[in-house]
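Below: run.cif (mmCIF, C-alpha atoms)
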data_protein
loop_
_atom_site.label_atom_id
_atom_site.label_comp_id
_atom_site.auth_asym_id
_atom_site.auth_seq_id
_atom_site.Cartn_x
_atom_site.Cartn_y
_atom_site.Cartn_z
CA MET A 1 -36.92 -7.17 11.99
CA LYS A 2 -37.74 -4.93 9.06
CA PHE A 3 -35.94 -4.36 5.80
CA SER A 4 -36.29 -2.50 2.53
CA VAL A 5 -34.27 -2.61 -0.67
CA LEU A 6 -33.84 1.11 -1.32
CA ALA A 7 -31.92 0.63 -4.58
CA SER A 8 -30.53 -2.38 -6.40
CA GLY A 9 -28.71 -2.51 -9.72
CA SER A 10 -25.57 -1.56 -11.58
CA SER A 11 -26.11 2.16 -10.94
CA GLY A 12 -26.46 2.02 -7.18
CA ASN A 13 -27.29 -0.20 -4.22
CA ALA A 14 -28.58 0.49 -0.72
CA TYR A 15 -30.40 -1.70 1.79
CA TYR A 16 -32.11 -0.72 5.05
CA VAL A 17 -32.42 -3.12 7.99
CA GLY A 18 -34.11 -2.22 11.26
CA THR A 19 -34.87 -3.86 14.59
CA GLU A 20 -36.46 -2.61 17.79
CA ASN A 21 -33.19 -0.93 18.79
CA ALA A 22 -31.09 -0.66 15.62
CA CYS A 23 -31.39 1.08 12.25
CA ILE A 24 -28.63 0.42 9.74
CA LEU A 25 -27.88 0.89 6.08
CA VAL A 26 -25.91 -1.64 4.06
CA ASP A 27 -24.11 0.14 1.20
CA ALA A 28 -24.83 3.63 -0.06
CA GLY A 29 -24.42 3.58 -3.83
CA ILE A 30 -26.88 6.40 -4.57
CA SER A 31 -26.67 10.02 -3.49
CA CYS A 32 -27.10 11.06 0.12
CA ARG A 33 -30.15 13.13 -0.79
CA GLU A 34 -31.77 10.22 -2.62
CA ILE A 35 -31.10 7.87 0.28
CA GLU A 36 -32.78 10.34 2.62
CA ARG A 37 -35.75 10.62 0.28
CA ARG A 38 -36.22 6.88 -0.14
CA LEU A 39 -35.84 6.21 3.57
CA GLU A 40 -38.54 8.79 4.21
CA LEU A 41 -40.82 7.00 1.76
CA VAL A 42 -40.55 3.75 3.75
CA GLY A 43 -41.08 5.53 7.06
CA VAL A 44 -37.52 6.03 8.29
CA LYS A 45 -35.68 9.27 9.01
CA ALA A 46 -32.02 9.20 8.01
CA LYS A 47 -31.05 10.86 11.30
CA GLU A 48 -32.28 7.69 13.06
CA LEU A 49 -29.58 5.53 11.41
CA ASP A 50 -27.10 3.94 13.81
CA ALA A 51 -24.51 2.75 11.32
CA LEU A 52 -23.52 2.25 7.69
CA ILE A 53 -21.93 -1.01 6.51
CA ILE A 54 -19.94 -1.08 3.25
CA THR A 55 -19.60 -4.49 1.55
CA HIS A 56 -16.97 -3.41 -1.01
CA GLU A 57 -15.53 -0.33 -2.66
CA HIS A 58 -17.18 -0.29 -6.10
CA THR A 59 -18.86 3.01 -6.90
CA ASP A 60 -22.37 1.55 -7.05
CA HIS A 61 -21.98 0.66 -3.36
CA ILE A 62 -20.17 3.70 -1.92
CA LYS A 63 -21.18 6.73 -4.01
CA GLY A 64 -23.21 8.34 -1.23
CA ALA A 65 -21.40 6.80 1.74
CA GLY A 66 -19.05 9.66 2.57
CA PRO A 67 -21.66 12.45 2.37
CA LEU A 68 -24.19 10.38 4.34
CA ALA A 69 -21.68 9.51 7.07
CA ARG A 70 -20.56 13.13 7.42
CA ARG A 71 -24.07 14.56 7.38
CA PHE A 72 -25.31 12.28 10.15
CA ASP A 73 -22.01 11.51 11.92
CA LEU A 74 -22.41 7.80 11.27
CA PRO A 75 -19.96 5.06 12.17
CA VAL A 76 -18.96 3.32 8.93
CA TYR A 77 -18.21 -0.41 9.23
CA LEU A 78 -15.82 -1.75 6.59
CA ASN A 79 -12.77 -3.96 6.35
CA LYS A 80 -9.24 -2.63 6.00
CA LYS A 81 -8.76 -3.36 2.29
CA THR A 82 -12.10 -1.77 1.39
CA PHE A 83 -11.20 1.27 3.49
CA GLU A 84 -7.84 1.64 1.78
CA LYS A 85 -9.13 1.03 -1.75
CA GLY A 86 -12.16 3.30 -1.32
CA ARG A 87 -10.46 6.03 0.69
CA LYS A 88 -10.47 8.63 -2.10
CA ALA A 89 -14.14 8.10 -3.00
CA LEU A 90 -15.24 7.95 0.63
CA GLY A 91 -13.38 11.08 1.68
CA ASN A 92 -12.87 11.86 5.35
CA LEU A 93 -14.69 9.50 7.71
CA SER A 94 -14.76 10.64 11.32
CA ARG A 95 -15.96 7.28 12.67
CA PRO A 96 -14.58 4.38 10.62
CA VAL A 97 -14.96 0.97 12.27
CA ILE A 98 -12.44 -1.44 10.77
CA PHE A 99 -13.09 -5.17 11.10
CA GLN A 100 -11.87 -8.41 9.54
CA THR A 101 -14.03 -10.25 7.03
CA GLY A 102 -15.49 -13.27 8.79
CA GLN A 103 -15.93 -11.35 12.00
CA ALA A 104 -19.33 -11.01 13.68
CA MET A 105 -20.33 -7.69 15.24
CA ASN A 106 -23.18 -6.36 17.33
CA ILE A 107 -24.86 -3.05 16.61
CA ASN A 108 -27.30 -2.62 19.49
CA ASP A 109 -29.63 -5.64 19.27
CA LEU A 110 -28.57 -6.52 15.71
CA CYS A 111 -25.94 -9.20 15.09
CA VAL A 112 -23.99 -8.76 11.84
CA GLU A 113 -22.14 -11.83 10.54
CA THR A 114 -19.77 -11.34 7.60
CA PHE A 115 -18.38 -13.89 5.15
CA THR A 116 -16.03 -13.65 2.20
CA LYS A 117 -17.34 -13.98 -1.34
CA CYS A 118 -15.95 -14.12 -4.88
CA HIS A 119 -16.02 -10.75 -6.64
CA ASP A 120 -13.41 -8.52 -8.27
CA ALA A 121 -13.05 -6.10 -5.37
CA ALA A 122 -10.40 -5.71 -2.68
CA ASP A 123 -12.09 -7.78 0.06
CA PRO A 124 -15.83 -8.14 -0.63
CA PHE A 125 -18.19 -9.82 1.80
CA GLY A 126 -21.77 -10.96 2.23
CA LEU A 127 -23.87 -10.59 5.36
CA VAL A 128 -26.31 -12.32 7.62
CA LEU A 129 -28.16 -9.90 9.89
CA SER A 130 -30.06 -11.37 12.80
CA SER A 131 -32.05 -10.39 15.85
CA ASN A 132 -34.14 -12.51 18.24
CA GLY A 133 -33.74 -15.59 16.06
CA THR A 134 -34.76 -13.93 12.77
CA ARG A 135 -32.15 -13.94 9.99
CA ILE A 136 -31.78 -11.90 6.80
CA GLY A 137 -29.12 -12.98 4.29
CA LEU A 138 -27.67 -10.51 1.81
CA SER A 139 -25.30 -11.44 -0.99
CA THR A 140 -25.01 -9.66 -4.32
CA ASP A 141 -21.95 -9.07 -6.52
CA LEU A 142 -21.13 -12.75 -6.37
CA GLY A 143 -19.16 -14.45 -9.13
CA LYS A 144 -19.84 -17.96 -7.94
CA SER A 145 -21.29 -19.75 -4.99
CA THR A 146 -19.04 -21.54 -2.51
CA ARG A 147 -19.65 -23.91 0.39
CA LEU A 148 -18.99 -21.01 2.75
CA VAL A 149 -21.64 -18.85 1.08
CA GLU A 150 -24.13 -21.73 1.13
CA ASP A 151 -23.40 -22.51 4.77
CA ARG A 152 -23.85 -18.90 5.89
CA LEU A 153 -27.03 -18.20 3.91
CA LYS A 154 -28.76 -21.48 4.64
CA GLY A 155 -31.92 -21.25 6.71
CA CYS A 156 -32.53 -17.50 6.53
CA ASP A 157 -36.04 -16.09 6.95
CA ALA A 158 -35.41 -13.60 4.12
CA LEU A 159 -32.83 -13.46 1.35
CA ILE A 160 -31.59 -10.60 -0.80
CA LEU A 161 -29.80 -12.50 -3.55
CA GLU A 162 -28.20 -11.54 -6.83
CA PHE A 163 -29.96 -12.53 -10.07
CA ASN A 164 -27.77 -10.44 -12.35
CA TYR A 165 -28.08 -11.70 -15.91
CA ASP A 166 -29.75 -14.07 -18.32
CA GLN A 167 -27.09 -16.16 -20.03
CA GLU A 168 -28.53 -15.86 -23.53
CA MET A 169 -29.22 -12.13 -23.23
CA LEU A 170 -25.66 -11.49 -22.08
CA GLU A 171 -24.09 -13.55 -24.85
CA GLN A 172 -26.20 -11.88 -27.56
CA GLY A 173 -26.13 -8.43 -25.99
CA PRO A 174 -24.12 -5.30 -26.82
CA TYR A 175 -21.34 -5.54 -24.22
CA PRO A 176 -17.73 -5.98 -25.41
CA LEU A 177 -16.36 -9.51 -25.10
CA SER A 178 -14.05 -8.50 -22.25
CA ILE A 179 -16.97 -7.22 -20.17
CA LYS A 180 -19.02 -10.32 -20.91
CA ARG A 181 -16.14 -12.49 -19.72
CA ARG A 182 -15.80 -10.42 -16.57
CA ILE A 183 -19.52 -10.73 -15.76
CA LYS A 184 -19.57 -14.49 -16.39
CA GLY A 185 -16.28 -15.08 -14.57
CA SER A 186 -15.82 -16.48 -11.09
CA GLU A 187 -15.31 -12.97 -9.72
CA GLY A 188 -18.16 -11.37 -11.64
CA HIS A 189 -21.88 -11.89 -11.14
CA LEU A 190 -24.42 -14.69 -10.86
CA SER A 191 -26.69 -15.61 -13.76
CA ASN A 192 -30.35 -16.34 -13.14
CA LYS A 193 -29.64 -20.07 -13.36
CA GLN A 194 -26.68 -19.91 -10.98
CA ALA A 195 -28.72 -17.89 -8.52
CA GLY A 196 -31.61 -20.32 -8.81
CA ASP A 197 -29.29 -23.24 -8.09
CA LEU A 198 -27.94 -21.41 -5.03
CA LEU A 199 -31.46 -20.61 -3.87
CA SER A 200 -32.38 -24.30 -4.09
CA VAL A 201 -29.49 -25.21 -1.82
CA ILE A 202 -29.99 -22.58 0.90
CA SER A 203 -33.79 -22.40 1.13
CA LYS A 204 -35.45 -23.94 4.17
CA GLU A 205 -39.08 -24.13 5.27
CA ASN A 206 -38.81 -20.91 7.32
CA LEU A 207 -37.99 -18.81 4.23
CA LYS A 208 -40.65 -16.14 3.77
CA TYR A 209 -39.18 -13.59 1.34
CA VAL A 210 -36.68 -13.63 -1.51
CA VAL A 211 -35.68 -10.35 -3.11
CA LEU A 212 -34.04 -10.77 -6.52
CA ALA A 213 -31.32 -8.12 -6.54
CA HIS A 214 -28.78 -6.44 -8.81
CA LEU A 215 -30.65 -7.29 -12.03
CA SER A 216 -28.87 -6.01 -15.13
CA GLU A 217 -30.98 -3.54 -17.07
CA THR A 218 -29.25 -4.64 -20.29
CA ASN A 219 -28.77 -8.36 -19.81
CA ASN A 220 -31.81 -9.47 -17.84
CA GLU A 221 -35.57 -9.15 -17.57
CA PRO A 222 -37.52 -9.29 -14.30
CA ASP A 223 -39.83 -12.02 -15.64
CA LYS A 224 -36.89 -14.27 -16.51
CA ALA A 225 -35.35 -13.86 -13.05
CA TYR A 226 -38.71 -14.37 -11.36
CA ARG A 227 -39.37 -17.63 -13.21
CA GLU A 228 -35.97 -19.00 -12.26
CA ALA A 229 -36.53 -18.15 -8.60
CA GLU A 230 -40.04 -19.56 -8.68
CA GLU A 231 -38.80 -22.85 -10.13
CA ALA A 232 -36.00 -23.04 -7.55
CA LEU A 233 -38.40 -22.52 -4.67
CA GLY A 234 -40.80 -25.02 -6.22
CA ARG A 235 -38.08 -27.66 -6.18
CA CYS A 236 -37.86 -27.09 -2.43
CA GLY A 237 -41.62 -27.22 -1.93
CA LEU A 238 -41.65 -23.55 -0.91
CA THR A 239 -44.50 -22.35 -3.09
CA GLU A 240 -45.73 -19.93 -0.40
CA ALA A 241 -42.50 -17.90 -0.19
CA ASN A 242 -42.82 -14.36 -1.52
CA ILE A 243 -40.62 -13.30 -4.45
CA LEU A 244 -39.89 -9.59 -4.95
CA ILE A 245 -37.77 -7.76 -7.52
CA GLY A 246 -35.24 -5.21 -6.28
CA LYS A 247 -35.40 -2.06 -8.42
CA GLN A 248 -32.86 0.55 -9.40
CA ASP A 249 -35.06 3.61 -9.62
CA GLU A 250 -37.41 3.17 -6.67
CA GLN A 251 -37.41 1.73 -3.19
CA GLY A 252 -39.08 -1.56 -2.38
CA PRO A 253 -41.67 -1.97 0.37
CA MET A 254 -40.76 -2.17 4.02
CA ILE A 255 -40.98 -5.87 4.86
CA GLU A 256 -41.54 -6.99 8.43
CA LEU A 257 -40.47 -10.43 9.63
#
Turn this file's structure into structure tokens for me.
Amino acid sequence: MKFSVLASGSSGNAYYVGTENACILVDAGISCREIERRLELVGVKAKELDALIITHEHTDHIKGAGPLARRFDLPVYLNKKTFEKGRKALGNLSRPVIFQTGQAMNINDLCVETFTKCHDAADPFGLVLSSNGTRIGLSTDLGKSTRLVEDRLKGCDALILEFNYDQEMLEQGPYPLSIKRRIKGSEGHLSNKQAGDLLSVISKENLKYVVLAHLSETNNEPDKAYREAEEALGRCGLTEANILIGKQDEQGPMIEL
């Protein structure tokens, strides 16, 4: 399996996952043109994509979904509530594939497992993508961890996990109180500490890569998130696992598992 974080942050999110026989995109929160450009930079042509999966309807996850799907005639996998809530932003989709959250699906040789998560969207979900015994877990936009989240993400070979904000930076930062409460709430986002605690629970000896995703540009710093992840992995004895930072303005490397 291969994957690349094409964009990660409050202004847009997109993740590429590929196997021997499948090429998919999870979320398309940047423009179609920019997705094409960033895919090209990691060695993938957008016309090779087999499917697009949408985790929820917020703009930073669907901005480019409609144009991308229409340009390349892509099937778009999403649940009913996300489809209904995002219909206007998505526009006409010729190949929507509606499924229930919790359902597992196969896209060629890629198995896609979905699980519900806490976030202020219609029906948001996280993912575990697997092929030939290799598993990649992806969960951002997560207000709090749950036993279900922990159970699904446990034992992955790679994790793309939200490290959204530093508690002190958020509290002392410029956001209005209502926004701060929303971010800290159970349907908002994970702090560095919360994410570190989750990472400690789900990390097993086979974990090779952790990508710290959806970092706030206002309320976090990469070094703070990195230290929290490093300490969490250290508590598990996983000092050899690689920690990467997902970026908003440029794609990450193509990682092969």
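For the pair atom CA of A:His119 and atom CA of A:Leu25, the interatomic distance is 20.9 Å.
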Exercise. Could you spell out the hits of the PyMOL selection byres ((chain A and resi 102) around 6) on the shown file, as a ChimeraX atom specification?
Worked result: /A:101,103,114-115
For this session: Given the file shown, determine the residues that the PyMOL selection byres ((chain A and resi 253) around 8) selects; report them as a list in words.
Result: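 Taken over the shown coordinates, the PyMOL selection byres ((chain A and resi 253) around 8) returns Ser4, Val5, Val42, Gln251, Gly252, Met254 and Ile255 of chain A.
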Go through the shown structure with the PyMOL selection byres ((chain A and resi 200) around 9) and write out the matching residues as a tab-separated table (two decimals) with C-alpha atoms, in the coordinates of the input.
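And here's selection.tsv as it stands now:
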chain	number	residue	atom	x	y	z
A	195	ALA	CA	-28.72	-17.89	-8.52
A	196	GLY	CA	-31.61	-20.32	-8.81
A	197	ASP	CA	-29.29	-23.24	-8.09
A	198	LEU	CA	-27.94	-21.41	-5.03
A	199	LEU	CA	-31.46	-20.61	-3.87
A	201	VAL	CA	-29.49	-25.21	-1.82
A	202	ILE	CA	-29.99	-22.58	0.90
A	203	SER	CA	-33.79	-22.40	1.13
A	204	LYS	CA	-35.45	-23.94	4.17
A	229	ALA	CA	-36.53	-18.15	-8.60
A	231	GLU	CA	-38.80	-22.85	-10.13
A	232	ALA	CA	-36.00	-23.04	-7.55
A	233	LEU	CA	-38.40	-22.52	-4.67
A	234	GLY	CA	-40.80	-25.02	-6.22
A	235	ARG	CA	-38.08	-27.66	-6.18
A	236	CYS	CA	-37.86	-27.09	-2.43
Exercise. Restricting the calculation to all atoms listed in the file, which member of A:Leu170, A:Ala213, A:Leu257, A:Val149 is positioned closest to A:Ile243?
Worked result: A:Ala213
Problem set entry | Selected residue, from A:Thr116, A:Ser131, A:Ser10, A:Thr59, that lies nearest to A:Gly246 when counting only C-alpha atoms |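 Ranked by minimum distance to A:Gly246, first place goes to A:Ser10.
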Problem set entry | Given only C-alpha atoms as the counted atoms, nearest of A:Ser11, A:Ser186, A:Ala28, A:Phe3 to A:Thr218 |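 Comparing A:Ser11, A:Ser186, A:Ala28, A:Phe3 against A:Thr218, the winner is A:Ser11.
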To test the calculation: enclose all listed atoms of stretch 89-105 of chain A in a box whose edges run along x, y and z, add 8 Å on each side, then state centre and edge lengths in Å to one decimal, as AutoDock Vina command-line options.
--center_x -16.1 --center_y -0.7 --center_z 6.1 --size_x 24.5 --size_y 41.1 --size_z 34.2
Exercise. Mind pulling up the distance from atom CA of A:Ser145 to atom CA of A:Lys117?
Worked result: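 Distance reported for this atom pair: 7.9 Å.
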Seminar exercise, completed: What separates atom CA of A:Glu40 and atom CA of A:Asp60 is a distance of 21.0 Å
Problem set entry | Residue contacts of A:Pro75 (12 Å, only C-alpha atoms) excluding same-chain residues fewer than 2 positions away, as a list in words |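 Listed by chain and then number, they are Ile24, Leu25, Leu49, Asp50, Ala51, Leu52, Ile53, Ile54, Ala65, Gly66, Leu68, Ala69, Arg70, Arg71, Phe72, Asp73, Tyr77, Leu78, Asn92, Leu93, Ser94, Arg95, Pro96, Val97, Ile98 and Ile107 of chain A.
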Exercise. What would the list of residues within 9 Å of (-37.7, -0.7, 12.5) (file frame) look like as a list in words, if all atoms listed in the file are what count?
Worked result: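 Protein, DNA and RNA residues close to (-37.7, -0.7, 12.5): Met1, Lys2, Phe3, Val17, Gly18, Thr19, Glu20, Asn21, Ala22, Cys23, Gly43, Val44 and Glu256 of chain A.
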Exercise. List as a ChimeraX atom specification: which residues have an atom within 12 Å of (-12.1, 8.0, -7.4), counting all atoms listed in the file?
Worked result: /A:57-59,62-63,84-91
Extract, using all atoms listed in the file, all DNA, RNA and protein residues at most 10 Å from A:Ala225, discarding same-chain residues fewer than 5 positions from it, and format them as a JSON list (two decimals) with C-alpha atoms, keeping the file's coordinate frame.
[["chain", "number", "residue", "atom", "x", "y", "z"],
["A", 162, "GLU", "CA", -28.20, -11.54, -6.83],
["A", 163, "PHE", "CA", -29.96, -12.53, -10.07],
["A", 164, "ASN", "CA", -27.77, -10.44, -12.35],
["A", 165, "TYR", "CA", -28.08, -11.70, -15.91],
["A", 166, "ASP", "CA", -29.75, -14.07, -18.32],
["A", 191, "SER", "CA", -26.69, -15.61, -13.76],
["A", 192, "ASN", "CA", -30.35, -16.34, -13.14],
["A", 193, "LYS", "CA", -29.64, -20.07, -13.36],
["A", 195, "ALA", "CA", -28.72, -17.89, -8.52],
["A", 196, "GLY", "CA", -31.61, -20.32, -8.81],
["A", 212, "LEU", "CA", -34.04, -10.77, -6.52],
["A", 213, "ALA", "CA", -31.32, -8.12, -6.54],
["A", 215, "LEU", "CA", -30.65, -7.29, -12.03],
["A", 220, "ASN", "CA", -31.81, -9.47, -17.84],
["A", 230, "GLU", "CA", -40.04, -19.56, -8.68],
["A", 245, "ILE", "CA", -37.77, -7.76, -7.52]]
Exercise. Hey, which of A:Asn219, A:Leu74, A:Thr55, A:Ala121 ends up closest to A:Pro174? Count only C-alpha atoms.
Worked result: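 Among the listed residues, the smallest separation from A:Pro174 belongs to A:Asn219.
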Problem set entry | Minimum-distance residue to A:Thr239, chosen among A:His61, A:Ala122, A:Glu36, A:Leu207 (using all atoms listed in the file) |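 Using all atoms listed in the file, A:Thr239 sits closest to A:Leu207.
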May I have the residues within 6 Å of A:Leu129 as a short mmCIF file (atom, residue, chain, number, x, y, z; two decimals) with C-alpha atoms, keeping the file's coordinate frame, using only C-alpha atoms and disregarding those fewer than 6 positions away in the same chain?
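The resulting selection_18.cif:
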data_model
loop_
_atom_site.label_atom_id
_atom_site.label_comp_id
_atom_site.auth_asym_id
_atom_site.auth_seq_id
_atom_site.Cartn_x
_atom_site.Cartn_y
_atom_site.Cartn_z
CA CYS A 111 -25.94 -9.20 15.09
CA VAL A 112 -23.99 -8.76 11.84
CA ARG A 135 -32.15 -13.94 9.99
CA ILE A 136 -31.78 -11.90 6.80
#
